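Read the structure below first, then the notes.
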Amino acid sequence: MSHSVRALAGTLALLTLAACGGGGGSSAFDDRVGDASQYANQCAAPRSGTDPYTGEAYPDVQGTLANERDWVHAYMNAIYLWYKEIPSVDSSGYTASAYGSDYAALDAYFQALKTPNTTSSGKLEDQFSFTYPTAAWDALAQSGVTVSYGLQFAALATAPPRDFRVAYTEPNRPSSNDGVDRGAKILAIDGVDMINGSDVDTLNAGLFPSAAGEQHVFRFEDTDGTTQDVTLTAEDVTETPVQNVQTISTSTGSVGYLLFNDHIATAEGELKNAIQTLADDDVSDLVLDIRYNGGGYLDIASELAYMIAGPAQTAGKVFERLKYNDKNPLADTDSATTGFHSTTVGFDPSVADGSALPYLNLSKVYVLVGAGTCSASEAVINGLRGVGVDVVLIGDTTCGKPYGFYQADNCGTSYFAIEFQGVNNAGFGDYADGFTPDCAVDDDFDHALGDPSESLLATALSYRDSGACPSTSKRASLVSPVKVLRSPVRENLIVTPPQR
């Protein structure tokens, strides 16, 4: 058995397309799937009843697993960015008996159809296409609710000697888990040694609870060197994507800081309120902390970029343009281009759709990044640079995900096949190997996020004063990248279909 513990990638990045606009919007969206439509909704185990998120009856009819596999292949052949590189695969072996369940068989088949080609640096071209149970995806994407301890774990080393830490905590975590803070190191889970133990099934079960009410005993070493045993309880936790909003006073003016962890729907209102608070404080600079932000709705990324740069720098400019394969009709629609949103799109029900967004009018922004900075978060960086904003990166190289996809549901499984590459107003989008930081700095688990003494924030404040990386900063290249343990639900760029 492998002694490595799985470290899932993870945060969604979603863009909403306009309702059928000048290029044929929803008609082109429907047409793009080609032959896949003839196999759609023919399910080995059809659902019944009403979809709680759409209010519509499930479209499923009785079919077979072979029908579902046929849909997967036809869909990939129609929309996949690298459809010409799909391997020839015999689908007949992908059965429930061979893989344990219909879902597992379909996922394995989907993975087998991904391009095997690599980038110039040796990375797989497609590290990101994935599947997910539709009900679980919709629950998080729409409400921000997920089964967790309210603690975000991160791995500094996934193979023995392992090093797993608490990266940050959720304000709405279960009260029984309140005694665990950022920086705590996991020593054991349910009696199994985390650092060198071989029972990875027990370790994984504790790291990734599957149901509310599930409990596991963790032994932690806190940042002061003391140890404690804590019984962590998993609950349905509503995430707070924007945290630690504050204004830092310096001798050269006020600096705003905010921690932004997820581009989920509820982030829309929280970001609007955060930027309004900083604007009211008349900050002259901003430190945006997205080191753990794996992505989310692209429209929210656009809103954030607008709120940083303001109207003068963004009016009439492209935030991101989507490049599709050579037979996808969406390439010729207005939907392929997203501008800088100056009003809310309507993700967050607590904010009126079309509300004017506040802005800071900044020509330079300091962004704290790491290997967990992906997708829509990278789009914020790329989009701002595309209109001439000076984006200073502090931390580690970002994950390198200039790609995205639409959620495609069939028979209770959501498929996310890379369908497009995003480019900015200047036409740049080639960052598959990530954005390199201006100042490479190790993540600092000994200080709270937002503490001016925390290494990344301290470096940003020093760079702001001197225009150079401080000589005391630690080099991120000397250690392995921090891997944030998240599901794919929380680390991707996905586009929602046009409104009908």
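Letters for chains follow the order of the structure tokens (A, B, ...), residue numbers begin at 1 for each chain, and ligand numbers begin at 1 in the order shown.
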
(request) Output as an MDAnalysis selection string all residues of segment 17-176 of chain A that backbone DSSP marks as alpha helix (DSSP H). (result) chainID A and resid 25:31 65:79 96:99 102:112 134:143

(request) Considering only C-alpha atoms, return as a list in words whatever protein or nucleic-acid residues lie within 7 Å of Phe435 of chain A, sequence-local ones (same chain, fewer than 3 positions apart) excluded. (result)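 So the residues in contact are Thr397, Thr398, Gly400 and Tyr431 of chain A.
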
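Distance-wise, atom CA of Gly422 of chain A and atom CA of Gly404 of chain A end up 7.6 Å apart.
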
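Residues of segment 87-176 of chain A assigned to strand (DSSP E) by DSSP on this structure's backbone: Phe130, Thr131, Tyr132, Pro133, Val145, Thr146, Val147, Ser148, Leu151, Gln152, Phe153, Ala154, Ala155, Leu156, Ala157, Asp163, Phe164, Arg165, Val166, Ala167, Tyr168 and Thr169 of chain A.
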
Same residues, N, CA and C atoms, output as a PDB file, in the first residue's frame:
```
ATOM      1  N   PHE A 130     -12.604  16.651 -14.613  1.00  0.00           N
ATOM      2  CA  PHE A 130     -13.028  15.747 -13.544  1.00  0.00           C
ATOM      3  C   PHE A 130     -14.531  15.541 -13.596  1.00  0.00           C
ATOM      4  N   THR A 131     -15.008  14.604 -12.771  1.00  0.00           N
ATOM      5  CA  THR A 131     -16.439  14.381 -12.598  1.00  0.00           C
ATOM      6  C   THR A 131     -16.788  14.536 -11.121  1.00  0.00           C
ATOM      7  N   TYR A 132     -18.090  14.713 -10.855  1.00  0.00           N
ATOM      8  CA  TYR A 132     -18.534  14.840  -9.466  1.00  0.00           C
ATOM      9  C   TYR A 132     -20.016  14.510  -9.403  1.00  0.00           C
ATOM     10  N   PRO A 133     -20.492  13.882  -8.325  1.00  0.00           N
ATOM     11  CA  PRO A 133     -21.935  13.666  -8.187  1.00  0.00           C
ATOM     12  C   PRO A 133     -22.675  15.003  -8.227  1.00  0.00           C
ATOM     13  N   VAL A 145     -22.182  25.291   1.360  1.00  0.00           N
ATOM     14  CA  VAL A 145     -22.258  24.326   2.455  1.00  0.00           C
ATOM     15  C   VAL A 145     -21.481  23.069   2.080  1.00  0.00           C
ATOM     16  N   THR A 146     -20.637  22.598   2.982  1.00  0.00           N
ATOM     17  CA  THR A 146     -19.884  21.380   2.754  1.00  0.00           C
ATOM     18  C   THR A 146     -19.713  20.660   4.079  1.00  0.00           C
ATOM     19  N   VAL A 147     -19.620  19.336   4.030  1.00  0.00           N
ATOM     20  CA  VAL A 147     -19.352  18.560   5.240  1.00  0.00           C
ATOM     21  C   VAL A 147     -17.871  18.695   5.560  1.00  0.00           C
ATOM     22  N   SER A 148     -17.567  19.264   6.705  1.00  0.00           N
ATOM     23  CA  SER A 148     -16.165  19.446   7.087  1.00  0.00           C
ATOM     24  C   SER A 148     -16.077  19.722   8.582  1.00  0.00           C
ATOM     25  N   LEU A 151     -12.115  23.314   9.328  1.00  0.00           N
ATOM     26  CA  LEU A 151     -10.662  23.502   9.342  1.00  0.00           C
ATOM     27  C   LEU A 151     -10.135  23.164   7.956  1.00  0.00           C
ATOM     28  N   GLN A 152      -9.345  24.054   7.366  1.00  0.00           N
ATOM     29  CA  GLN A 152      -8.740  23.776   6.070  1.00  0.00           C
ATOM     30  C   GLN A 152      -7.342  23.224   6.277  1.00  0.00           C
ATOM     31  N   PHE A 153      -7.141  21.965   5.868  1.00  0.00           N
ATOM     32  CA  PHE A 153      -5.834  21.347   6.020  1.00  0.00           C
ATOM     33  C   PHE A 153      -4.959  21.636   4.800  1.00  0.00           C
ATOM     34  N   ALA A 154      -3.648  21.648   5.022  1.00  0.00           N
ATOM     35  CA  ALA A 154      -2.673  21.809   3.953  1.00  0.00           C
ATOM     36  C   ALA A 154      -1.521  20.860   4.208  1.00  0.00           C
ATOM     37  N   ALA A 155      -0.930  20.363   3.120  1.00  0.00           N
ATOM     38  CA  ALA A 155       0.175  19.411   3.229  1.00  0.00           C
ATOM     39  C   ALA A 155       1.474  20.059   2.776  1.00  0.00           C
ATOM     40  N   LEU A 156       2.459  20.043   3.661  1.00  0.00           N
ATOM     41  CA  LEU A 156       3.804  20.459   3.278  1.00  0.00           C
ATOM     42  C   LEU A 156       4.598  19.277   2.733  1.00  0.00           C
ATOM     43  N   ALA A 157       4.213  18.059   3.152  1.00  0.00           N
ATOM     44  CA  ALA A 157       4.834  16.833   2.650  1.00  0.00           C
ATOM     45  C   ALA A 157       3.800  15.724   2.755  1.00  0.00           C
ATOM     46  N   ASP A 163       3.927  16.032   6.670  1.00  0.00           N
ATOM     47  CA  ASP A 163       3.748  17.266   7.437  1.00  0.00           C
ATOM     48  C   ASP A 163       2.436  17.904   6.989  1.00  0.00           C
ATOM     49  N   PHE A 164       1.398  17.749   7.810  1.00  0.00           N
ATOM     50  CA  PHE A 164       0.083  18.307   7.524  1.00  0.00           C
ATOM     51  C   PHE A 164      -0.258  19.351   8.583  1.00  0.00           C
ATOM     52  N   ARG A 165      -0.724  20.510   8.139  1.00  0.00           N
ATOM     53  CA  ARG A 165      -1.033  21.616   9.052  1.00  0.00           C
ATOM     54  C   ARG A 165      -2.464  22.113   8.843  1.00  0.00           C
ATOM     55  N   VAL A 166      -2.925  22.896   9.797  1.00  0.00           N
ATOM     56  CA  VAL A 166      -4.168  23.647   9.632  1.00  0.00           C
ATOM     57  C   VAL A 166      -3.806  24.969   8.972  1.00  0.00           C
ATOM     58  N   ALA A 167      -4.342  25.207   7.765  1.00  0.00           N
ATOM     59  CA  ALA A 167      -4.022  26.430   7.026  1.00  0.00           C
ATOM     60  C   ALA A 167      -4.864  27.604   7.515  1.00  0.00           C
ATOM     61  N   TYR A 168      -6.158  27.375   7.683  1.00  0.00           N
ATOM     62  CA  TYR A 168      -7.037  28.410   8.227  1.00  0.00           C
ATOM     63  C   TYR A 168      -8.295  27.752   8.765  1.00  0.00           C
ATOM     64  N   THR A 169      -9.077  28.506   9.486  1.00  0.00           N
ATOM     65  CA  THR A 169     -10.292  27.986  10.096  1.00  0.00           C
ATOM     66  C   THR A 169     -11.492  28.786   9.610  1.00  0.00           C
TER      67      THR A 169
END
```

(message) Just want the 12 Å neighbourhood of Gly388 of chain A, counted on only C-alpha atoms, with same-chain residues fewer than 6 positions away dropped. Output as a list of chain:residue names.
(response)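 Contacts, in chain order: A:Ala309, A:Ala312, A:Gln313, A:Thr314, A:Lys317, A:Phe319, A:Leu362, A:Ser363, A:Lys364, A:Val365, A:Ile381, A:Asn382, A:Asn424, A:Asn425, A:Ala426.
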
(request) Compile the contact shell of Phe220 of chain A as a PyMOL selection string: residues with an atom at most 12 Å away, counting only C-alpha atoms, same-chain residues fewer than 3 positions apart removed. (result) chain A and resi 163-166+179-191+193-195+217+223-232
